[in-house]
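> File target-v9.pdb follows (PDB, C-alpha atoms):
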```pdb
MODEL        1
ATOM      1  CA  MET I   1    -122.307  66.203  40.752
ATOM      2  CA  VAL I   2    -120.507  66.125  37.428
ATOM      3  CA  LEU I   3    -120.425  69.002  34.922
ATOM      4  CA  ARG I   4    -119.679  67.698  31.438
ATOM      5  CA  PHE I   5    -117.964  70.042  28.989
ATOM      6  CA  GLU I   6    -118.325  70.022  25.211
ATOM      7  CA  TRP I   7    -115.428  71.337  23.113
ATOM      8  CA  SER I   8    -117.062  74.789  22.979
ATOM      9  CA  ASP I   9    -117.686  75.030  26.740
ATOM     10  CA  ALA I  10    -114.029  75.574  27.622
ATOM     11  CA  GLY I  11    -113.990  78.698  25.474
ATOM     12  CA  ARG I  12    -117.121  79.987  27.188
ATOM     13  CA  CYS I  13    -115.852  79.742  30.758
ATOM     14  CA  ARG I  14    -115.617  83.239  32.193
ATOM     15  CA  PHE I  15    -115.381  85.094  35.480
ATOM     16  CA  ALA I  16    -118.037  87.393  36.894
ATOM     17  CA  VAL I  17    -118.725  89.474  39.976
ATOM     18  CA  SER I  18    -122.228  89.595  41.389
ATOM     19  CA  PRO I  19    -123.377  92.030  44.096
ATOM     20  CA  LEU I  20    -126.557  89.948  44.464
ATOM     21  CA  GLN I  21    -124.685  86.659  44.896
ATOM     22  CA  GLU I  22    -122.648  88.383  47.600
ATOM     23  CA  THR I  23    -125.815  89.685  49.248
ATOM     24  CA  MET I  24    -127.475  86.279  49.303
ATOM     25  CA  SER I  25    -124.318  84.665  50.677
ATOM     26  CA  ALA I  26    -124.200  87.321  53.420
ATOM     27  CA  LEU I  27    -127.810  86.519  54.237
ATOM     28  CA  LEU I  28    -126.879  82.859  54.734
ATOM     29  CA  VAL I  29    -124.161  83.915  57.181
ATOM     30  CA  LEU I  30    -126.693  86.058  59.011
ATOM     31  CA  SER I  31    -129.190  83.186  59.236
ATOM     32  CA  ALA I  32    -126.682  80.942  61.035
ATOM     33  CA  PRO I  33    -124.084  83.204  62.699
ATOM     34  CA  SER I  34    -122.859  80.501  65.108
ATOM     35  CA  ARG I  35    -121.583  78.501  62.122
ATOM     36  CA  HIS I  36    -119.625  81.427  60.709
ATOM     37  CA  CYS I  37    -117.267  82.733  63.402
ATOM     38  CA  TRP I  38    -114.999  84.021  60.612
ATOM     39  CA  TYR I  39    -117.455  86.895  60.094
ATOM     40  CA  LEU I  40    -117.826  88.040  63.703
ATOM     41  CA  PRO I  41    -116.394  91.556  63.061
ATOM     42  CA  TRP I  42    -118.953  92.083  60.289
ATOM     43  CA  LEU I  43    -121.782  90.650  62.394
ATOM     44  CA  ARG I  44    -120.932  93.098  65.186
ATOM     45  CA  ASP I  45    -120.842  96.040  62.777
ATOM     46  CA  ILE I  46    -124.282  95.362  61.273
ATOM     47  CA  GLN I  47    -126.035  94.366  64.492
ATOM     48  CA  SER I  48    -127.837  97.660  65.050
ATOM     49  CA  ALA I  49    -128.811  98.126  61.397
ATOM     50  CA  ILE I  50    -130.187  94.621  60.965
ATOM     51  CA  ALA I  51    -132.277  94.906  64.131
ATOM     52  CA  THR I  52    -134.561  97.404  62.381
ATOM     53  CA  THR I  53    -134.563  95.772  58.927
ATOM     54  CA  ASP I  54    -137.388  93.453  57.869
ATOM     55  CA  LEU I  55    -135.983  90.623  55.754
ATOM     56  CA  GLY I  56    -138.353  87.929  57.010
ATOM     57  CA  LEU I  57    -139.733  86.813  53.639
ATOM     58  CA  LEU I  58    -136.304  86.674  52.024
ATOM     59  CA  LYS I  59    -134.824  84.745  54.961
ATOM     60  CA  ALA I  60    -137.597  82.170  54.558
ATOM     61  CA  ALA I  61    -136.666  81.808  50.890
ATOM     62  CA  VAL I  62    -132.938  81.158  51.371
ATOM     63  CA  PRO I  63    -131.684  77.626  50.701
ATOM     64  CA  SER I  64    -132.839  74.906  53.072
ATOM     65  CA  ASN I  65    -130.477  71.920  53.391
ATOM     66  CA  GLY I  66    -128.470  73.273  50.492
ATOM     67  CA  HIS I  67    -131.385  73.720  48.089
ATOM     68  CA  GLY I  68    -133.337  76.882  47.305
ATOM     69  CA  PRO I  69    -135.152  78.788  44.561
ATOM     70  CA  ASP I  70    -132.760  79.256  41.633
ATOM     71  CA  PHE I  71    -134.416  82.472  40.438
ATOM     72  CA  LEU I  72    -133.159  84.326  43.520
ATOM     73  CA  TRP I  73    -129.555  83.484  42.553
ATOM     74  CA  PRO I  74    -129.332  84.381  38.828
ATOM     75  CA  SER I  75    -126.129  83.818  36.914
ATOM     76  CA  PRO I  76    -124.292  87.173  36.847
ATOM     77  CA  THR I  77    -123.857  88.912  33.514
ATOM     78  CA  GLY I  78    -120.160  89.794  33.750
ATOM     79  CA  PRO I  79    -117.292  91.162  35.838
ATOM     80  CA  LEU I  80    -118.812  94.653  36.063
ATOM     81  CA  ALA I  81    -122.420  93.766  36.969
ATOM     82  CA  THR I  82    -124.271  96.176  39.247
ATOM     83  CA  ILE I  83    -126.848  95.335  41.895
ATOM     84  CA  GLU I  84    -129.592  96.827  39.716
ATOM     85  CA  GLU I  85    -128.634  94.574  36.796
ATOM     86  CA  ASP I  86    -128.689  91.543  39.084
ATOM     87  CA  LEU I  87    -132.073  92.499  40.541
ATOM     88  CA  ALA I  88    -133.483  93.096  37.065
ATOM     89  CA  GLN I  89    -132.792  89.436  36.287
ATOM     90  CA  VAL I  90    -134.795  88.331  39.307
ATOM     91  CA  GLN I  91    -137.562  90.791  38.427
ATOM     92  CA  ALA I  92    -137.757  89.291  34.932
ATOM     93  CA  THR I  93    -138.513  85.761  36.217
ATOM     94  CA  SER I  94    -141.856  84.525  34.922
ATOM     95  CA  PRO I  95    -144.639  84.113  37.515
ATOM     96  CA  ASP I  96    -144.947  80.425  36.557
ATOM     97  CA  ALA I  97    -141.264  79.798  37.336
ATOM     98  CA  VAL I  98    -141.559  81.718  40.620
ATOM     99  CA  ALA I  99    -144.601  79.700  41.671
ATOM    100  CA  ALA I 100    -143.019  76.357  40.787
ATOM    101  CA  GLU I 101    -139.709  77.018  42.538
ATOM    102  CA  LEU I 102    -141.259  78.502  45.682
ATOM    103  CA  SER I 103    -143.781  75.680  45.939
ATOM    104  CA  GLU I 104    -140.960  73.136  45.860
ATOM    105  CA  HIS I 105    -138.963  75.209  48.347
ATOM    106  CA  VAL I 106    -141.820  75.550  50.845
ATOM    107  CA  GLY I 107    -142.195  71.765  50.807
ATOM    108  CA  ARG I 108    -138.644  71.486  52.163
ATOM    109  CA  LEU I 109    -139.040  74.068  54.937
ATOM    110  CA  ASP I 110    -139.053  73.048  58.579
ATOM    111  CA  PRO I 111    -142.418  74.119  60.048
ATOM    112  CA  VAL I 112    -140.734  74.524  63.442
ATOM    113  CA  THR I 113    -138.312  77.224  62.229
ATOM    114  CA  VAL I 114    -140.446  78.891  59.521
ATOM    115  CA  SER I 115    -143.884  80.150  60.561
ATOM    116  CA  ALA I 116    -147.086  79.184  58.790
ATOM    117  CA  ASP I 117    -147.626  82.857  57.864
ATOM    118  CA  LEU I 118    -144.297  83.010  56.020
ATOM    119  CA  ARG I 119    -144.942  79.700  54.279
ATOM    120  CA  ARG I 120    -148.326  80.983  53.103
ATOM    121  CA  ALA I 121    -146.769  84.272  51.989
ATOM    122  CA  LEU I 122    -144.245  82.443  49.816
ATOM    123  CA  THR I 123    -147.004  80.566  48.011
ATOM    124  CA  GLY I 124    -149.217  83.612  47.411
ATOM    125  CA  ASP I 125    -149.611  85.492  44.135
ATOM    126  CA  PRO I 126    -146.260  84.783  42.398
ATOM    127  CA  THR I 127    -145.934  88.261  40.901
ATOM    128  CA  GLU I 128    -146.483  89.955  44.247
ATOM    129  CA  VAL I 129    -144.171  87.507  46.032
ATOM    130  CA  ARG I 130    -141.437  88.009  43.434
ATOM    131  CA  ASP I 131    -141.675  91.801  43.735
ATOM    132  CA  ALA I 132    -141.591  91.611  47.534
ATOM    133  CA  LEU I 133    -138.524  89.377  47.430
ATOM    134  CA  VAL I 134    -136.733  91.740  45.028
ATOM    135  CA  ALA I 135    -137.496  94.656  47.358
ATOM    136  CA  GLN I 136    -136.029  92.747  50.309
ATOM    137  CA  GLN I 137    -132.981  91.727  48.256
ATOM    138  CA  ARG I 138    -132.308  95.409  47.548
ATOM    139  CA  LEU I 139    -132.732  96.202  51.246
ATOM    140  CA  ALA I 140    -130.398  93.348  52.209
ATOM    141  CA  TRP I 141    -127.772  94.666  49.775
ATOM    142  CA  GLN I 142    -127.981  98.174  51.230
ATOM    143  CA  THR I 143    -127.740  96.919  54.813
ATOM    144  CA  LEU I 144    -125.374  93.955  54.655
ATOM    145  CA  VAL I 145    -122.980  94.442  51.752
ATOM    146  CA  GLU I 146    -122.979  97.925  50.219
ATOM    147  CA  PRO I 147    -121.002  99.586  53.071
ATOM    148  CA  LEU I 148    -118.148  97.120  52.410
ATOM    149  CA  TRP I 149    -118.544  96.772  48.656
ATOM    150  CA  ASP I 150    -115.557  98.898  47.577
ATOM    151  CA  ARG I 151    -113.176  96.761  49.609
ATOM    152  CA  ILE I 152    -114.901  93.496  48.691
ATOM    153  CA  ARG I 153    -114.841  94.399  45.016
ATOM    154  CA  GLY I 154    -111.095  95.035  45.138
ATOM    155  CA  LEU I 155    -110.473  91.588  46.616
ATOM    156  CA  LEU I 156    -112.766  89.934  44.077
ATOM    157  CA  ASP I 157    -110.862  91.596  41.235
ATOM    158  CA  ALA I 158    -107.566  90.422  42.732
ATOM    159  CA  ASP I 159    -108.892  86.856  42.942
ATOM    160  CA  ILE I 160    -110.012  86.908  39.297
ATOM    161  CA  THR I 161    -106.569  88.124  38.225
ATOM    162  CA  THR I 162    -104.921  85.164  40.002
ATOM    163  CA  ARG I 163    -107.420  82.579  38.702
ATOM    164  CA  ALA I 164    -107.125  83.906  35.146
ATOM    165  CA  ARG I 165    -103.366  83.388  35.383
ATOM    166  CA  HIS I 166    -103.950  79.756  36.463
ATOM    167  CA  LEU I 167    -106.235  79.281  33.464
ATOM    168  CA  ALA I 168    -103.704  80.811  31.075
ATOM    169  CA  ASP I 169    -100.778  78.809  32.496
ATOM    170  CA  GLY I 170    -102.369  75.378  32.882
ATOM    171  CA  GLY I 171    -105.850  75.378  31.385
ATOM    172  CA  LEU I 172    -108.970  74.124  33.151
ATOM    173  CA  GLU I 173    -107.071  71.450  35.061
ATOM    174  CA  MET I 174    -104.855  73.972  36.849
ATOM    175  CA  LEU I 175    -107.749  76.380  37.377
ATOM    176  CA  PHE I 176    -109.946  73.818  39.115
ATOM    177  CA  THR I 177    -107.056  72.192  40.999
ATOM    178  CA  HIS I 178    -106.454  75.491  42.813
ATOM    179  CA  LEU I 179    -110.095  76.565  43.032
ATOM    180  CA  HIS I 180    -111.532  74.438  45.846
ATOM    181  CA  ARG I 181    -110.871  71.110  47.557
ATOM    182  CA  ARG I 182    -114.311  69.874  46.444
ATOM    183  CA  ALA I 183    -113.644  70.554  42.743
ATOM    184  CA  ARG I 184    -111.684  68.152  40.515
ATOM    185  CA  TRP I 185    -111.081  68.170  36.754
ATOM    186  CA  GLU I 186    -110.968  64.700  35.227
ATOM    187  CA  ASN I 187    -111.502  63.351  31.703
ATOM    188  CA  GLY I 188    -113.111  66.489  30.331
ATOM    189  CA  ALA I 189    -115.529  66.931  33.243
ATOM    190  CA  LEU I 190    -115.655  68.886  36.489
ATOM    191  CA  HIS I 191    -116.455  66.687  39.494
ATOM    192  CA  LEU I 192    -117.997  68.465  42.502
ATOM    193  CA  THR I 193    -118.390  66.658  45.806
ATOM    194  CA  GLY I 194    -120.990  67.523  48.434
ATOM    195  CA  PHE I 195    -123.871  68.062  45.985
ATOM    196  CA  ARG I 196    -126.739  65.893  44.798
ATOM    197  CA  ARG I 197    -125.567  63.093  42.539
ATOM    198  CA  GLY I 198    -126.164  63.635  38.852
ATOM    199  CA  THR I 199    -124.681  64.881  35.625
ATOM    200  CA  VAL I 200    -125.173  68.331  34.116
ATOM    201  CA  ASP I 201    -124.353  68.744  30.434
ATOM    202  CA  LEU I 202    -123.271  72.331  29.807
ATOM    203  CA  ARG I 203    -124.395  72.045  26.157
ATOM    204  CA  GLY I 204    -122.200  74.854  24.918
ATOM    205  CA  ARG I 205    -123.411  77.290  27.588
ATOM    206  CA  GLY I 206    -120.052  77.404  29.337
ATOM    207  CA  LEU I 207    -119.571  78.021  33.043
ATOM    208  CA  ILE I 208    -119.489  81.279  35.001
ATOM    209  CA  LEU I 209    -116.967  81.405  37.856
ATOM    210  CA  VAL I 210    -118.010  83.745  40.654
ATOM    211  CA  PRO I 211    -115.684  84.494  43.598
ATOM    212  CA  THR I 212    -117.399  85.403  46.850
ATOM    213  CA  ALA I 213    -116.320  87.020  50.125
ATOM    214  CA  PHE I 214    -119.250  85.791  52.216
ATOM    215  CA  GLY I 215    -119.393  82.240  50.859
ATOM    216  CA  TRP I 216    -116.251  80.985  52.648
ATOM    217  CA  PRO I 217    -115.550  78.055  52.924
ATOM    218  CA  ASN I 218    -118.397  76.699  50.797
ATOM    219  CA  LEU I 219    -118.862  75.962  47.124
ATOM    220  CA  GLY I 220    -122.170  76.710  45.360
ATOM    221  CA  ILE I 221    -123.620  75.892  41.946
ATOM    222  CA  GLY I 222    -126.759  76.945  40.100
ATOM    223  CA  PRO I 223    -128.914  76.899  38.143
ATOM    224  CA  THR I 224    -128.419  73.249  37.210
ATOM    225  CA  ASN I 225    -131.870  72.278  35.932
ATOM    226  CA  GLY I 226    -131.802  70.961  32.403
ATOM    227  CA  THR I 227    -134.328  73.483  31.070
ATOM    228  CA  SER I 228    -132.356  76.647  31.852
ATOM    229  CA  ALA I 229    -130.707  78.415  28.915
ATOM    230  CA  ALA I 230    -128.437  80.333  31.293
ATOM    231  CA  PRO I 231    -124.977  78.929  32.036
ATOM    232  CA  PRO I 232    -124.528  77.590  35.578
ATOM    233  CA  ALA I 233    -122.593  79.778  37.997
ATOM    234  CA  LEU I 234    -119.979  78.152  40.219
ATOM    235  CA  VAL I 235    -119.608  80.311  43.333
ATOM    236  CA  TYR I 236    -116.355  79.743  45.215
ATOM    237  CA  PRO I 237    -114.588  81.453  48.172
ATOM    238  CA  MET I 238    -112.179  84.147  47.058
ATOM    239  CA  LEU I 239    -108.528  84.354  47.989
ATOM    240  CA  GLY I 240    -107.462  86.725  50.767
ATOM    241  CA  ALA I 241    -110.834  87.021  52.523
ATOM    242  CA  ALA I 242    -109.067  87.688  55.824
ATOM    243  CA  GLN I 243    -108.004  91.102  54.486
ATOM    244  CA  LEU I 244    -111.608  92.258  54.805
ATOM    245  CA  TRP I 245    -111.431  92.054  58.580
ATOM    246  CA  GLU I 246    -107.758  92.782  59.257
ATOM    247  CA  PRO I 247    -107.066  96.538  59.390
ATOM    248  CA  ALA I 248    -104.244  97.672  57.126
ATOM    249  CA  VAL I 249    -101.670  99.571  59.211
ATOM    250  CA  PRO I 250     -98.308 100.677  57.764
ATOM    251  CA  SER I 251     -95.218 100.428  59.939
ATOM    252  CA  PRO I 252     -93.849 103.581  61.622
ATOM    253  CA  ALA I 253     -90.760 103.339  59.407
ATOM    254  CA  VAL I 254     -92.839 103.470  56.227
ATOM    255  CA  GLU I 255     -94.910 106.338  57.634
ATOM    256  CA  ARG I 256     -91.751 108.310  58.340
ATOM    257  CA  LEU I 257     -90.510 107.697  54.815
ATOM    258  CA  LEU I 258     -93.706 108.419  52.863
ATOM    259  CA  GLY I 259     -95.873 110.389  55.261
ATOM    260  CA  ALA I 260     -98.899 108.954  57.034
ATOM    261  CA  GLY I 261    -101.477 109.634  54.318
ATOM    262  CA  ARG I 262     -99.383 108.285  51.455
ATOM    263  CA  ALA I 263     -98.305 105.239  53.500
ATOM    264  CA  HIS I 264    -101.917 104.317  54.298
ATOM    265  CA  ILE I 265    -102.885 104.653  50.641
ATOM    266  CA  LEU I 266     -99.970 102.442  49.591
ATOM    267  CA  ILE I 267    -100.796  99.666  52.043
ATOM    268  CA  GLU I 268    -104.442  99.710  50.961
ATOM    269  CA  THR I 269    -103.395  99.051  47.356
ATOM    270  CA  SER I 270    -102.604  95.461  48.287
ATOM    271  CA  ILE I 271    -106.185  95.195  47.045
ATOM    272  CA  PRO I 272    -106.574  96.613  43.502
ATOM    273  CA  SER I 273    -108.632  99.748  44.136
ATOM    274  CA  THR I 274    -110.067 102.834  42.484
ATOM    275  CA  THR I 275    -109.241 106.354  43.631
ATOM    276  CA  THR I 276    -112.766 106.739  45.019
ATOM    277  CA  SER I 277    -112.554 103.451  46.912
ATOM    278  CA  LEU I 278    -109.205 104.405  48.433
ATOM    279  CA  ALA I 279    -110.513 107.830  49.445
ATOM    280  CA  ARG I 280    -113.411 106.249  51.337
ATOM    281  CA  ARG I 281    -111.207 103.753  53.127
ATOM    282  CA  VAL I 282    -108.445 106.144  54.224
ATOM    283  CA  GLY I 283    -110.724 109.105  54.939
ATOM    284  CA  LEU I 284    -109.087 111.590  52.546
ATOM    285  CA  ALA I 285    -110.490 113.723  49.727
ATOM    286  CA  THR I 286    -110.485 112.103  46.290
ATOM    287  CA  GLY I 287    -108.261 114.846  44.882
ATOM    288  CA  THR I 288    -105.709 114.337  47.652
ATOM    289  CA  VAL I 289    -105.660 110.575  47.065
ATOM    290  CA  SER I 290    -105.224 111.153  43.330
ATOM    291  CA  GLN I 291    -102.173 113.351  43.991
ATOM    292  CA  HIS I 292    -100.639 110.763  46.325
ATOM    293  CA  LEU I 293    -101.240 107.994  43.767
ATOM    294  CA  ALA I 294     -99.461 110.030  41.092
ATOM    295  CA  VAL I 295     -96.392 110.336  43.329
ATOM    296  CA  LEU I 296     -96.493 106.631  44.245
ATOM    297  CA  ARG I 297     -96.822 105.690  40.593
ATOM    298  CA  ASP I 298     -93.880 107.894  39.580
ATOM    299  CA  ALA I 299     -91.832 106.205  42.325
ATOM    300  CA  GLY I 300     -92.662 102.749  40.940
ATOM    301  CA  LEU I 301     -94.699 101.743  44.003
ATOM    302  CA  VAL I 302     -98.104 101.354  42.323
ATOM    303  CA  THR I 303     -99.346 100.501  38.855
ATOM    304  CA  ALA I 304    -102.605 101.556  37.203
ATOM    305  CA  GLN I 305    -104.749  99.168  35.171
ATOM    306  CA  ARG I 306    -107.998 100.045  33.421
ATOM    307  CA  ARG I 307    -110.975  97.699  33.939
ATOM    308  CA  GLY I 308    -114.014  98.939  32.018
ATOM    309  CA  ARG I 309    -114.631 102.503  33.135
ATOM    310  CA  GLU I 310    -112.500 102.122  36.249
ATOM    311  CA  VAL I 311    -108.774 102.483  36.858
ATOM    312  CA  LEU I 312    -107.440 100.114  39.518
ATOM    313  CA  TYR I 313    -104.244 100.877  41.452
ATOM    314  CA  ARG I 314    -102.232  98.082  43.020
ATOM    315  CA  GLN I 315     -98.864  97.624  44.705
ATOM    316  CA  THR I 316     -95.780  96.723  42.700
ATOM    317  CA  PRO I 317     -93.199  94.169  43.925
ATOM    318  CA  LEU I 318     -91.069  97.138  44.998
ATOM    319  CA  ALA I 319     -93.900  98.351  47.253
ATOM    320  CA  VAL I 320     -94.318  94.883  48.759
ATOM    321  CA  ALA I 321     -90.597  94.761  49.526
ATOM    322  CA  LEU I 322     -90.732  98.230  51.072
ATOM    323  CA  LEU I 323     -93.729  97.430  53.274
ATOM    324  CA  HIS I 324     -92.316  94.099  54.417
ATOM    325  CA  GLY I 325     -88.955  95.662  55.058
ATOM    326  CA  GLY I 326     -90.653  98.242  57.291
ATOM    327  CA  ASP I 327     -92.305  95.453  59.261
ATOM    328  CA  ARG I 328     -88.985  93.681  59.828
ATOM    329  CA  GLU I 329     -87.356  96.930  60.985
ATOM    330  CA  GLN I 330     -90.167  97.448  63.464
ATOM    331  CA  GLU I 331     -89.679  93.932  64.871
ATOM    332  CA  LEU I 332     -85.936  94.508  65.275
TER     333      LEU I 332
ENDMDL
END
```
Transcribe the structure of this file into structure tokens.

Amino acid sequence: MVLRFEWSDAGRCRFAVSPLQETMSALLVLSAPSRHCWYLPWLRDIQSAIATTDLGLLKAAVPSNGHGPDFLWPSPTGPLATIEEDLAQVQATSPDAVAAELSEHVGRLDPVTVSADLRRALTGDPTEVRDALVAQQRLAWQTLVEPLWDRIRGLLDADITTRARHLADGGLEMLFTHLHRRARWENGALHLTGFRRGTVDLRGRGLILVPTAFGWPNLGIGPTNGTSAAPPALVYPMLGAAQLWEPAVPSPAVERLLGAGRAHILIETSIPSTTTSLARRVGLATGTVSQHLAVLRDAGLVTAQRRGREVLYRQTPLAVALLHGGDREQEL
């Protein structure tokens, strides 16, 4: 697949975060767990919750052989989108579009793996089917992603910061060179391997770049039909996904220096995080975390950056040196 850029498209490339994209990607992992050993800790954690959650209709609607209904994967609106904003886009899909996309999707389904009842349900009244799918998307979000969202969101923000630096330093060529092995910038066009052959003219719509935690190691694109007024969204695996599953533990030396609570807060700020997010992850009161952050900031170990209504705290180079130095002391 080739995405062709007009002169105005480069200026309309932007990054976004989508709770719904993350939810749908998590659902794909859940539908084929044997292919995604990377996510085994998460699969173990959600096992009991998912056993009592009915997502049958939504599972039947996820992509088959790489293709699925575009309306279930709307292009996110921006870097601060909420799950309700994402779901509102799906809810706003016209019944005609729902019927057409689901009819095409059902034609691709394997009758051995998807029951006749589910296939019939997907081709029922499009308004009722759409509403049922939105309800199951919300349920999937609450069960699969929301418990981890604070930590995921911090990693997504960190990825966007790095990619934005690539874009500023070397333009689209550097951005796409470092984005994914299946993406290549050449002669004013983005070439994507592993998709259906064809050319998509962006027509001044630009391109939305969406990092994902649950999409590793894949690359996704949509919508790409020529009639859509929405810009396509390129969903790519974020940097540092392993940090989701690796517990952050400060060295004993750093704990002795800073105190256990402050040391755990500092190590967690390897991911840009809000005070509330840090409080949840380290198990301390928000006020206590706020006090610790003030001390760490005064000591030059964390910085604070405002993003919309949030303030994100992240480690400084001095903090990285301190934490790594503690690790080396422990090894000695």
> Quick one: residues within 12 Å of I:Gly11, only C-alpha atoms counted, chain neighbours fewer than 6 positions away excluded, as a list in words?
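Residues meeting the cut-off are Phe5, Leu167, Ala168, Gly171, Leu172, Gly204, Arg205, Gly206, Leu207 and Ile208 of chain I.
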> Name the residues that the PyMOL selection byres ((chain I and resi 81) around 10) picks from the file above, as a CSV table (one decimal) with C-alpha atoms, in the coordinates of the input, using the file's chain letters and numbers.

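Below is the file part_5.csv, written as the result:
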```
chain,number,residue,atom,x,y,z
I,16,ALA,CA,-118.0,87.4,36.9
I,17,VAL,CA,-118.7,89.5,40.0
I,18,SER,CA,-122.2,89.6,41.4
I,19,PRO,CA,-123.4,92.0,44.1
I,20,LEU,CA,-126.6,89.9,44.5
I,76,PRO,CA,-124.3,87.2,36.8
I,77,THR,CA,-123.9,88.9,33.5
I,78,GLY,CA,-120.2,89.8,33.8
I,79,PRO,CA,-117.3,91.2,35.8
I,80,LEU,CA,-118.8,94.7,36.1
I,82,THR,CA,-124.3,96.2,39.2
I,83,ILE,CA,-126.8,95.3,41.9
I,84,GLU,CA,-129.6,96.8,39.7
I,85,GLU,CA,-128.6,94.6,36.8
I,86,ASP,CA,-128.7,91.5,39.1
```
> Enter the distance from atom CA of I:Ala241 to atom CA of I:Thr274, in Å, rounded to one decimal.
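Distance between the two atoms: 18.7 Å.
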> On this structure, the PyMOL selection byres ((chain I and resi 271) around 8) would catch which residues? List them as a list in words, sorted by chain and number.
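The output of the PyMOL selection byres ((chain I and resi 271) around 8) on this file is Arg151, Gly154, Leu155, Ala158, Glu268, Thr269, Ser270, Pro272, Ser273 and Arg314 of chain I.
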> Go ahead and write the selection's residues with C-alpha atoms as an mmCIF file, in the coordinates of the input.

```cif
data_model
loop_
_atom_site.group_PDB
_atom_site.id
_atom_site.type_symbol
_atom_site.label_atom_id
_atom_site.label_comp_id
_atom_site.auth_asym_id
_atom_site.auth_seq_id
_atom_site.Cartn_x
_atom_site.Cartn_y
_atom_site.Cartn_z
ATOM 1 C CA ARG I 151 -113.176 96.761 49.609
ATOM 2 C CA GLY I 154 -111.095 95.035 45.138
ATOM 3 C CA LEU I 155 -110.473 91.588 46.616
ATOM 4 C CA ALA I 158 -107.566 90.422 42.732
ATOM 5 C CA GLU I 268 -104.442 99.710 50.961
ATOM 6 C CA THR I 269 -103.395 99.051 47.356
ATOM 7 C CA SER I 270 -102.604 95.461 48.287
ATOM 8 C CA PRO I 272 -106.574 96.613 43.502
ATOM 9 C CA SER I 273 -108.632 99.748 44.136
ATOM 10 C CA ARG I 314 -102.232 98.082 43.020
#
```
> Which of these, I:Ser103, I:Ser75, I:Thr143, I:Thr123, has the shortest distance to I:Trp42 once you count only C-alpha atoms?
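Once distances to I:Trp42 are computed over only C-alpha atoms, the minimum belongs to I:Thr143.
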> At a cut-off of 12 Å around the point (-102.9, 104.1, 37.1) (file coordinates), what residues fall inside when counting all atoms listed in the file? I'd like the answer as an mmCIF file with C-alpha atoms, in the coordinates of the input.

```cif
data_model
loop_
_atom_site.group_PDB
_atom_site.id
_atom_site.type_symbol
_atom_site.label_atom_id
_atom_site.label_comp_id
_atom_site.auth_asym_id
_atom_site.auth_seq_id
_atom_site.Cartn_x
_atom_site.Cartn_y
_atom_site.Cartn_z
ATOM 1 C CA THR I 269 -103.395 99.051 47.356
ATOM 2 C CA PRO I 272 -106.574 96.613 43.502
ATOM 3 C CA SER I 273 -108.632 99.748 44.136
ATOM 4 C CA THR I 274 -110.067 102.834 42.484
ATOM 5 C CA THR I 275 -109.241 106.354 43.631
ATOM 6 C CA SER I 290 -105.224 111.153 43.330
ATOM 7 C CA GLN I 291 -102.173 113.351 43.991
ATOM 8 C CA HIS I 292 -100.639 110.763 46.325
ATOM 9 C CA LEU I 293 -101.240 107.994 43.767
ATOM 10 C CA ALA I 294 -99.461 110.030 41.092
ATOM 11 C CA VAL I 295 -96.392 110.336 43.329
ATOM 12 C CA LEU I 296 -96.493 106.631 44.245
ATOM 13 C CA ARG I 297 -96.822 105.690 40.593
ATOM 14 C CA ASP I 298 -93.880 107.894 39.580
ATOM 15 C CA GLY I 300 -92.662 102.749 40.940
ATOM 16 C CA LEU I 301 -94.699 101.743 44.003
ATOM 17 C CA VAL I 302 -98.104 101.354 42.323
ATOM 18 C CA THR I 303 -99.346 100.501 38.855
ATOM 19 C CA ALA I 304 -102.605 101.556 37.203
ATOM 20 C CA GLN I 305 -104.749 99.168 35.171
ATOM 21 C CA ARG I 306 -107.998 100.045 33.421
ATOM 22 C CA ARG I 307 -110.975 97.699 33.939
ATOM 23 C CA GLU I 310 -112.500 102.122 36.249
ATOM 24 C CA VAL I 311 -108.774 102.483 36.858
ATOM 25 C CA LEU I 312 -107.440 100.114 39.518
ATOM 26 C CA TYR I 313 -104.244 100.877 41.452
ATOM 27 C CA ARG I 314 -102.232 98.082 43.020
ATOM 28 C CA GLN I 315 -98.864 97.624 44.705
ATOM 29 C CA THR I 316 -95.780 96.723 42.700
#
```
> Mind working out the centre and edge lengths of an axis-aligned box for stretch 93-96 of chain I, all listed atoms inside, 4 Å added to each side, rounded to one decimal in Å and written as AutoDock Vina command-line options?

```
--center_x -141.7 --center_y 83.1 --center_z 36.2 --size_x 14.4 --size_y 13.3 --size_z 10.6
```
> Using all atoms listed in the file, pick whichever of I:Val289, I:Ala213, I:Ala88, I:Ile265 has the shortest atom-to-atom distance to I:Met24.
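With all atoms listed in the file as the atom set, the closest residue is I:Ala213.
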